[in-house]
Each structure stands twice: as C-alpha cells, then as structure tokens.
file query-v1.cif (mmCIF, N, CA and C atoms)
data_protein
#
loop_
_atom_site.label_atom_id
_atom_site.label_comp_id
_atom_site.auth_asym_id
_atom_site.auth_seq_id
_atom_site.Cartn_x
_atom_site.Cartn_y
_atom_site.Cartn_z
N SER A 13 13.13 -17.64 7.27
CA SER A 13 12.78 -18.84 8.00
C SER A 13 11.31 -18.76 8.41
N VAL A 14 10.61 -19.82 8.24
CA VAL A 14 9.20 -19.89 8.58
C VAL A 14 9.08 -20.32 10.04
N GLY A 15 8.27 -19.60 10.82
CA GLY A 15 8.07 -19.96 12.22
C GLY A 15 7.38 -21.30 12.34
N SER A 16 7.72 -22.03 13.37
CA SER A 16 7.11 -23.34 13.54
C SER A 16 5.85 -23.23 14.38
N ALA A 17 4.86 -24.00 14.03
CA ALA A 17 3.62 -24.03 14.78
C ALA A 17 3.84 -24.83 16.06
N VAL A 18 3.18 -24.41 17.12
CA VAL A 18 3.27 -25.14 18.38
C VAL A 18 2.36 -26.36 18.26
N SER A 19 2.85 -27.49 18.70
CA SER A 19 2.09 -28.73 18.56
C SER A 19 0.90 -28.77 19.52
N TYR A 20 -0.07 -29.54 19.15
CA TYR A 20 -1.26 -29.76 19.99
C TYR A 20 -0.82 -30.28 21.36
N LYS A 21 0.11 -31.20 21.38
CA LYS A 21 0.59 -31.79 22.63
C LYS A 21 1.19 -30.71 23.54
N THR A 22 1.95 -29.79 22.98
CA THR A 22 2.56 -28.72 23.76
C THR A 22 1.50 -27.78 24.31
N ILE A 23 0.54 -27.39 23.47
CA ILE A 23 -0.53 -26.50 23.91
C ILE A 23 -1.34 -27.16 25.02
N LYS A 24 -1.63 -28.43 24.86
CA LYS A 24 -2.39 -29.16 25.88
C LYS A 24 -1.62 -29.18 27.21
N ALA A 25 -0.31 -29.39 27.15
CA ALA A 25 0.52 -29.39 28.36
C ALA A 25 0.51 -28.00 29.01
N HIS A 26 0.61 -26.95 28.19
CA HIS A 26 0.58 -25.58 28.71
C HIS A 26 -0.74 -25.31 29.41
N CYS A 27 -1.84 -25.71 28.80
CA CYS A 27 -3.17 -25.51 29.39
C CYS A 27 -3.30 -26.28 30.70
N ARG A 28 -2.69 -27.44 30.76
CA ARG A 28 -2.74 -28.26 31.98
C ARG A 28 -2.07 -27.51 33.14
N TYR A 29 -0.95 -26.83 32.88
CA TYR A 29 -0.31 -26.04 33.93
C TYR A 29 -1.27 -24.98 34.47
N TRP A 30 -1.96 -24.28 33.56
CA TRP A 30 -2.92 -23.26 33.98
C TRP A 30 -4.04 -23.89 34.81
N LEU A 31 -4.62 -24.96 34.30
CA LEU A 31 -5.75 -25.59 34.99
C LEU A 31 -5.35 -26.20 36.33
N ASP A 32 -4.20 -26.85 36.37
CA ASP A 32 -3.74 -27.46 37.62
C ASP A 32 -3.48 -26.39 38.68
N HIS A 33 -2.98 -25.25 38.26
CA HIS A 33 -2.63 -24.19 39.21
C HIS A 33 -3.85 -23.40 39.66
N PHE A 34 -4.72 -23.04 38.72
CA PHE A 34 -5.82 -22.13 39.05
C PHE A 34 -7.15 -22.82 39.28
N GLY A 35 -7.28 -24.08 38.88
CA GLY A 35 -8.52 -24.82 39.14
C GLY A 35 -9.74 -24.10 38.61
N THR A 36 -10.64 -23.74 39.51
CA THR A 36 -11.91 -23.13 39.11
C THR A 36 -11.90 -21.60 39.22
N ALA A 37 -10.72 -21.01 39.34
CA ALA A 37 -10.63 -19.54 39.41
C ALA A 37 -11.20 -18.94 38.12
N THR A 38 -11.72 -17.74 38.24
CA THR A 38 -12.22 -17.03 37.06
C THR A 38 -11.03 -16.53 36.25
N VAL A 39 -11.29 -16.14 35.01
CA VAL A 39 -10.24 -15.57 34.17
C VAL A 39 -9.67 -14.33 34.86
N SER A 40 -10.53 -13.51 35.40
CA SER A 40 -10.10 -12.29 36.09
C SER A 40 -9.18 -12.62 37.27
N GLU A 41 -9.55 -13.61 38.05
CA GLU A 41 -8.72 -14.01 39.20
C GLU A 41 -7.38 -14.57 38.74
N ALA A 42 -7.39 -15.39 37.71
CA ALA A 42 -6.17 -16.05 37.25
C ALA A 42 -5.22 -15.12 36.50
N THR A 43 -5.76 -14.03 35.98
CA THR A 43 -4.91 -13.16 35.16
C THR A 43 -4.57 -11.83 35.83
N SER A 44 -4.94 -11.67 37.09
CA SER A 44 -4.53 -10.45 37.78
C SER A 44 -3.00 -10.44 37.82
N PHE A 45 -2.43 -9.27 37.96
CA PHE A 45 -0.97 -9.15 37.98
C PHE A 45 -0.38 -10.04 39.07
N ALA A 46 -0.95 -9.98 40.27
CA ALA A 46 -0.42 -10.78 41.39
C ALA A 46 -0.51 -12.28 41.10
N SER A 47 -1.63 -12.72 40.54
CA SER A 47 -1.80 -14.14 40.22
C SER A 47 -0.81 -14.59 39.16
N GLN A 48 -0.60 -13.75 38.16
CA GLN A 48 0.37 -14.10 37.11
C GLN A 48 1.77 -14.24 37.69
N GLU A 49 2.14 -13.32 38.56
CA GLU A 49 3.48 -13.38 39.16
C GLU A 49 3.63 -14.64 40.01
N TRP A 50 2.59 -14.95 40.77
CA TRP A 50 2.59 -16.14 41.62
C TRP A 50 2.70 -17.40 40.75
N PHE A 51 1.95 -17.44 39.66
CA PHE A 51 1.97 -18.57 38.73
C PHE A 51 3.36 -18.75 38.12
N LYS A 52 3.95 -17.66 37.65
CA LYS A 52 5.28 -17.76 37.04
C LYS A 52 6.32 -18.21 38.05
N THR A 53 6.22 -17.72 39.28
CA THR A 53 7.14 -18.16 40.34
C THR A 53 6.97 -19.65 40.59
N HIS A 54 5.72 -20.11 40.61
CA HIS A 54 5.42 -21.54 40.78
C HIS A 54 6.05 -22.36 39.66
N LEU A 55 5.87 -21.92 38.41
CA LEU A 55 6.43 -22.65 37.27
C LEU A 55 7.95 -22.70 37.33
N LEU A 56 8.57 -21.59 37.70
CA LEU A 56 10.04 -21.58 37.83
C LEU A 56 10.46 -22.54 38.94
N GLY A 57 9.67 -22.61 40.00
CA GLY A 57 9.94 -23.54 41.10
C GLY A 57 9.86 -25.00 40.69
N LEU A 58 9.13 -25.26 39.63
CA LEU A 58 9.05 -26.63 39.09
C LEU A 58 10.28 -26.96 38.25
N GLY A 59 11.15 -25.98 38.06
CA GLY A 59 12.36 -26.20 37.28
C GLY A 59 12.22 -25.86 35.81
N LEU A 60 11.12 -25.21 35.44
CA LEU A 60 10.94 -24.84 34.05
C LEU A 60 11.80 -23.62 33.72
N SER A 61 12.24 -23.54 32.49
CA SER A 61 13.09 -22.42 32.05
C SER A 61 12.25 -21.16 31.88
N LEU A 62 12.94 -20.01 31.85
CA LEU A 62 12.27 -18.74 31.60
C LEU A 62 11.51 -18.78 30.28
N THR A 63 12.13 -19.35 29.28
CA THR A 63 11.49 -19.44 27.96
C THR A 63 10.22 -20.27 28.01
N THR A 64 10.27 -21.39 28.70
CA THR A 64 9.09 -22.25 28.81
C THR A 64 7.98 -21.54 29.57
N VAL A 65 8.33 -20.86 30.65
CA VAL A 65 7.33 -20.11 31.42
C VAL A 65 6.69 -19.04 30.53
N ASN A 66 7.48 -18.35 29.74
CA ASN A 66 6.92 -17.35 28.82
C ASN A 66 6.02 -18.00 27.77
N HIS A 67 6.38 -19.17 27.30
CA HIS A 67 5.53 -19.87 26.32
C HIS A 67 4.20 -20.28 26.97
N ILE A 68 4.24 -20.75 28.21
CA ILE A 68 3.01 -21.12 28.91
C ILE A 68 2.14 -19.88 29.10
N THR A 69 2.76 -18.76 29.45
CA THR A 69 2.03 -17.50 29.59
C THR A 69 1.41 -17.10 28.26
N SER A 70 2.16 -17.24 27.18
CA SER A 70 1.65 -16.90 25.84
C SER A 70 0.47 -17.76 25.45
N THR A 71 0.49 -19.03 25.84
CA THR A 71 -0.64 -19.91 25.55
C THR A 71 -1.89 -19.42 26.27
N GLY A 72 -1.73 -18.99 27.52
CA GLY A 72 -2.87 -18.43 28.26
C GLY A 72 -3.40 -17.17 27.60
N ARG A 73 -2.48 -16.32 27.15
CA ARG A 73 -2.88 -15.10 26.46
C ARG A 73 -3.63 -15.43 25.17
N ALA A 74 -3.14 -16.40 24.42
CA ALA A 74 -3.79 -16.80 23.17
C ALA A 74 -5.19 -17.35 23.45
N ALA A 75 -5.33 -18.11 24.52
CA ALA A 75 -6.65 -18.66 24.87
C ALA A 75 -7.62 -17.52 25.20
N CYS A 76 -7.14 -16.52 25.91
CA CYS A 76 -8.00 -15.38 26.24
C CYS A 76 -8.36 -14.58 25.00
N ARG A 77 -7.40 -14.41 24.10
CA ARG A 77 -7.69 -13.69 22.85
C ARG A 77 -8.75 -14.43 22.04
N LEU A 78 -8.65 -15.75 21.98
CA LEU A 78 -9.65 -16.54 21.26
C LEU A 78 -11.01 -16.42 21.92
N ALA A 79 -11.05 -16.48 23.24
CA ALA A 79 -12.33 -16.33 23.96
C ALA A 79 -12.93 -14.96 23.69
N TRP A 80 -12.08 -13.92 23.64
CA TRP A 80 -12.56 -12.57 23.34
C TRP A 80 -13.13 -12.50 21.92
N LYS A 81 -12.42 -13.10 20.96
CA LYS A 81 -12.90 -13.10 19.57
C LYS A 81 -14.23 -13.82 19.44
N ARG A 82 -14.47 -14.79 20.32
CA ARG A 82 -15.73 -15.54 20.31
C ARG A 82 -16.79 -14.88 21.19
N ASN A 83 -16.49 -13.67 21.65
CA ASN A 83 -17.40 -12.91 22.54
C ASN A 83 -17.67 -13.62 23.86
N GLU A 84 -16.70 -14.41 24.32
CA GLU A 84 -16.82 -15.09 25.61
C GLU A 84 -16.18 -14.26 26.72
N LEU A 85 -15.36 -13.29 26.35
CA LEU A 85 -14.76 -12.33 27.29
C LEU A 85 -15.02 -10.94 26.75
N GLN A 86 -15.18 -9.98 27.65
CA GLN A 86 -15.41 -8.60 27.22
C GLN A 86 -14.13 -7.92 26.78
N SER A 87 -13.00 -8.39 27.30
CA SER A 87 -11.71 -7.83 26.92
C SER A 87 -10.63 -8.87 27.15
N VAL A 88 -9.46 -8.62 26.57
CA VAL A 88 -8.32 -9.52 26.76
C VAL A 88 -7.48 -8.97 27.91
N PRO A 89 -7.28 -9.76 28.95
CA PRO A 89 -6.47 -9.28 30.06
C PRO A 89 -5.03 -9.00 29.63
N ALA A 90 -4.37 -8.13 30.37
CA ALA A 90 -2.94 -7.86 30.12
C ALA A 90 -2.13 -9.00 30.69
N PHE A 91 -1.13 -9.43 29.94
CA PHE A 91 -0.23 -10.49 30.40
C PHE A 91 1.18 -9.93 30.47
N THR A 92 1.93 -10.39 31.44
CA THR A 92 3.33 -9.96 31.59
C THR A 92 4.24 -11.17 31.36
N MET A 93 5.37 -10.90 30.76
CA MET A 93 6.36 -11.94 30.50
C MET A 93 7.55 -11.74 31.42
N LEU A 94 8.32 -12.79 31.55
CA LEU A 94 9.56 -12.69 32.33
C LEU A 94 10.63 -12.02 31.54
#
call {"tool": "encode", "arguments": {"input": "query-v1.cif", "output": "structure tokens"}}
result
Amino acid sequence: SVGSAVSYKTIKAHCRYWLDHFGTATVSEATSFASQEWFKTHLLGLGLSLTTVNHITSTGRAACRLAWKRNELQSVPAFTML
C-alpha cells in the first residue's frame, strides 16, 4: 500500500494550531519539552484525538527539519509524541 500524502489544507490547519498557540515565540521556546507538553495538553483540551495531536506535532517537526535543511536552524529540535 502506498502512503497517502497529507493535503495542503491539512498542513495549513496544523500550522495554524502552532501559530495560534505560540504566536511570536521562538522555535526554541515553542519546542522545549515543557512547551510541547503544554501544547499537546491544549490540543487535547480542544477535543482533538491523540492521533491528530501527533500529526500536528509531526507537521511542526517537518517544518523544523525543512528549516534546518535550508540552514535557517542550526539543529532540529527533539519532538515527543503522545
């Protein structure tokens, strides 16, 4: 079975959760262990499923990996899943 690509609309929605929650925080501030836990608790409080919260987290990780590949970050932060 071939994996399905995540749609642009879904990625945009995932990014919106990150931006709405963290606003102008730096990548370092938003990806600290405590911030990630707080963010995931917030998302679960919105009624999102564990799977959806993990997908939103994965989108953030992918964005950081892309920024690192573009030399916009010195390293990729560690991300934790539920």
call {"tool": "select_by_dssp", "arguments": {"input": "query-v1.cif", "residues": "chain A", "states": "alpha helix (DSSP H)", "output": "ChimeraX atom specification"}}
result
/A:20-34,39-43,45-57,62-81
call {"tool": "resolve_selection", "arguments": {"input": "query-v1.cif", "expression": "the PyMOL selection byres ((chain A and resi 60-77) around 7)", "output": "list in words"}}
result
Ile23, His26, Cys27, Lys52, Leu55, Leu56, Gly57, Leu58, Gly59, Leu78, Ala79, Trp80, Lys81, Arg82, Ser87, Val88, Pro89, Phe91, Thr92, Met93 and Leu94 of chain A
call {"tool": "resolve_selection", "arguments": {"input": "query-v1.cif", "expression": "the PyMOL selection byres (((chain A and resi 42 and name CA) around 12) and name CA)", "output": "list in words"}}
result
Trp30, Leu31, Asp32, His33, Phe34, Gly35, Thr36, Ala37, Thr38, Val39, Ser40, Glu41, Thr43, Ser44, Phe45, Ala46, Ser47, Gln48, Glu49, Trp50, Phe51, Lys52, Thr69, Gly72, Arg73, Cys76, Pro89, Ala90 and Phe91 of chain A
call {"tool": "axis_aligned_box", "arguments": {"input": "query-v1.cif", "around": "segment 14-31 of chain A", "padding_each_side": "4 Å", "output": "JSON"}}
result
{"center_x": 2.4, "center_y": -25.7, "center_z": 22.3, "size_x": 24.4, "size_y": 20.2, "size_z": 36.1}
call {"tool": "atom_distance", "arguments": {"input": "query-v1.cif", "atom1": "atom N of His54 of chain A", "atom2": "atom N of Tyr29 of chain A"}}
result
12.2 Å
call {"tool": "atom_distance", "arguments": {"input": "query-v1.cif", "atom1": "atom CA of Gln86 of chain A", "atom2": "atom N of Arg28 of chain A"}}
result
23.0 Å
call {"tool": "build_atoms", "arguments": {"input": "query-v1.cif", "residues": "segment 42-66 of chain A", "atoms": "N, CA, C and O atoms", "output": "mmCIF file, in the frame of the given file"}}
result
data_model
loop_
_atom_site.group_PDB
_atom_site.id
_atom_site.type_symbol
_atom_site.label_atom_id
_atom_site.label_comp_id
_atom_site.auth_asym_id
_atom_site.auth_seq_id
_atom_site.Cartn_x
_atom_site.Cartn_y
_atom_site.Cartn_z
ATOM 1 N N ALA A 42 -7.390 -15.390 37.710
ATOM 2 C CA ALA A 42 -6.170 -16.050 37.250
ATOM 3 C C ALA A 42 -5.220 -15.120 36.500
ATOM 4 O O ALA A 42 -4.025 -15.396 36.436
ATOM 5 N N THR A 43 -5.760 -14.030 35.980
ATOM 6 C CA THR A 43 -4.910 -13.160 35.160
ATOM 7 C C THR A 43 -4.570 -11.830 35.830
ATOM 8 O O THR A 43 -3.984 -10.963 35.198
ATOM 9 N N SER A 44 -4.940 -11.670 37.090
ATOM 10 C CA SER A 44 -4.530 -10.450 37.780
ATOM 11 C C SER A 44 -3.000 -10.440 37.820
ATOM 12 O O SER A 44 -2.345 -11.477 37.713
ATOM 13 N N PHE A 45 -2.430 -9.270 37.960
ATOM 14 C CA PHE A 45 -0.970 -9.150 37.980
ATOM 15 C C PHE A 45 -0.380 -10.040 39.070
ATOM 16 O O PHE A 45 0.568 -10.794 38.826
ATOM 17 N N ALA A 46 -0.950 -9.980 40.270
ATOM 18 C CA ALA A 46 -0.420 -10.780 41.390
ATOM 19 C C ALA A 46 -0.510 -12.280 41.100
ATOM 20 O O ALA A 46 0.434 -13.031 41.380
ATOM 21 N N SER A 47 -1.630 -12.720 40.540
ATOM 22 C CA SER A 47 -1.800 -14.140 40.220
ATOM 23 C C SER A 47 -0.810 -14.590 39.160
ATOM 24 O O SER A 47 -0.252 -15.693 39.251
ATOM 25 N N GLN A 48 -0.600 -13.750 38.160
ATOM 26 C CA GLN A 48 0.370 -14.100 37.110
ATOM 27 C C GLN A 48 1.770 -14.240 37.690
ATOM 28 O O GLN A 48 2.502 -15.176 37.346
ATOM 29 N N GLU A 49 2.140 -13.320 38.560
ATOM 30 C CA GLU A 49 3.480 -13.380 39.160
ATOM 31 C C GLU A 49 3.630 -14.640 40.010
ATOM 32 O O GLU A 49 4.656 -15.312 39.973
ATOM 33 N N TRP A 50 2.590 -14.950 40.770
ATOM 34 C CA TRP A 50 2.590 -16.140 41.620
ATOM 35 C C TRP A 50 2.700 -17.400 40.750
ATOM 36 O O TRP A 50 3.463 -18.313 41.063
ATOM 37 N N PHE A 51 1.950 -17.440 39.660
ATOM 38 C CA PHE A 51 1.970 -18.570 38.730
ATOM 39 C C PHE A 51 3.360 -18.750 38.120
ATOM 40 O O PHE A 51 3.902 -19.859 38.090
ATOM 41 N N LYS A 52 3.950 -17.660 37.650
ATOM 42 C CA LYS A 52 5.280 -17.760 37.040
ATOM 43 C C LYS A 52 6.320 -18.210 38.050
ATOM 44 O O LYS A 52 7.194 -19.025 37.738
ATOM 45 N N THR A 53 6.220 -17.720 39.280
ATOM 46 C CA THR A 53 7.140 -18.160 40.340
ATOM 47 C C THR A 53 6.970 -19.650 40.590
ATOM 48 O O THR A 53 7.948 -20.388 40.762
ATOM 49 N N HIS A 54 5.720 -20.110 40.610
ATOM 50 C CA HIS A 54 5.420 -21.540 40.780
ATOM 51 C C HIS A 54 6.050 -22.360 39.660
ATOM 52 O O HIS A 54 6.692 -23.384 39.918
ATOM 53 N N LEU A 55 5.870 -21.920 38.410
ATOM 54 C CA LEU A 55 6.430 -22.650 37.270
ATOM 55 C C LEU A 55 7.950 -22.700 37.330
ATOM 56 O O LEU A 55 8.547 -23.756 37.064
ATOM 57 N N LEU A 56 8.570 -21.590 37.700
ATOM 58 C CA LEU A 56 10.040 -21.580 37.830
ATOM 59 C C LEU A 56 10.460 -22.540 38.940
ATOM 60 O O LEU A 56 11.481 -23.231 38.825
ATOM 61 N N GLY A 57 9.670 -22.610 40.000
ATOM 62 C CA GLY A 57 9.940 -23.540 41.100
ATOM 63 C C GLY A 57 9.860 -25.000 40.690
ATOM 64 O O GLY A 57 10.461 -25.857 41.345
ATOM 65 N N LEU A 58 9.130 -25.260 39.630
ATOM 66 C CA LEU A 58 9.050 -26.630 39.090
ATOM 67 C C LEU A 58 10.280 -26.960 38.250
ATOM 68 O O LEU A 58 10.411 -28.089 37.767
ATOM 69 N N GLY A 59 11.150 -25.980 38.060
ATOM 70 C CA GLY A 59 12.360 -26.200 37.280
ATOM 71 C C GLY A 59 12.220 -25.860 35.810
ATOM 72 O O GLY A 59 13.116 -26.168 35.010
ATOM 73 N N LEU A 60 11.120 -25.210 35.440
ATOM 74 C CA LEU A 60 10.940 -24.840 34.050
ATOM 75 C C LEU A 60 11.800 -23.620 33.720
ATOM 76 O O LEU A 60 12.047 -22.780 34.573
ATOM 77 N N SER A 61 12.240 -23.540 32.490
ATOM 78 C CA SER A 61 13.090 -22.420 32.050
ATOM 79 C C SER A 61 12.250 -21.160 31.880
ATOM 80 O O SER A 61 11.026 -21.213 31.751
ATOM 81 N N LEU A 62 12.940 -20.010 31.850
ATOM 82 C CA LEU A 62 12.270 -18.740 31.600
ATOM 83 C C LEU A 62 11.510 -18.780 30.280
ATOM 84 O O LEU A 62 10.375 -18.292 30.185
ATOM 85 N N THR A 63 12.130 -19.350 29.280
ATOM 86 C CA THR A 63 11.490 -19.440 27.960
ATOM 87 C C THR A 63 10.220 -20.270 28.010
ATOM 88 O O THR A 63 9.185 -19.886 27.458
ATOM 89 N N THR A 64 10.270 -21.390 28.700
ATOM 90 C CA THR A 64 9.090 -22.250 28.810
ATOM 91 C C THR A 64 7.980 -21.540 29.570
ATOM 92 O O THR A 64 6.805 -21.598 29.182
ATOM 93 N N VAL A 65 8.330 -20.860 30.650
ATOM 94 C CA VAL A 65 7.330 -20.110 31.420
ATOM 95 C C VAL A 65 6.690 -19.040 30.530
ATOM 96 O O VAL A 65 5.471 -18.857 30.550
ATOM 97 N N ASN A 66 7.480 -18.350 29.740
ATOM 98 C CA ASN A 66 6.920 -17.350 28.820
ATOM 99 C C ASN A 66 6.020 -18.000 27.770
ATOM 100 O O ASN A 66 4.984 -17.436 27.418
#
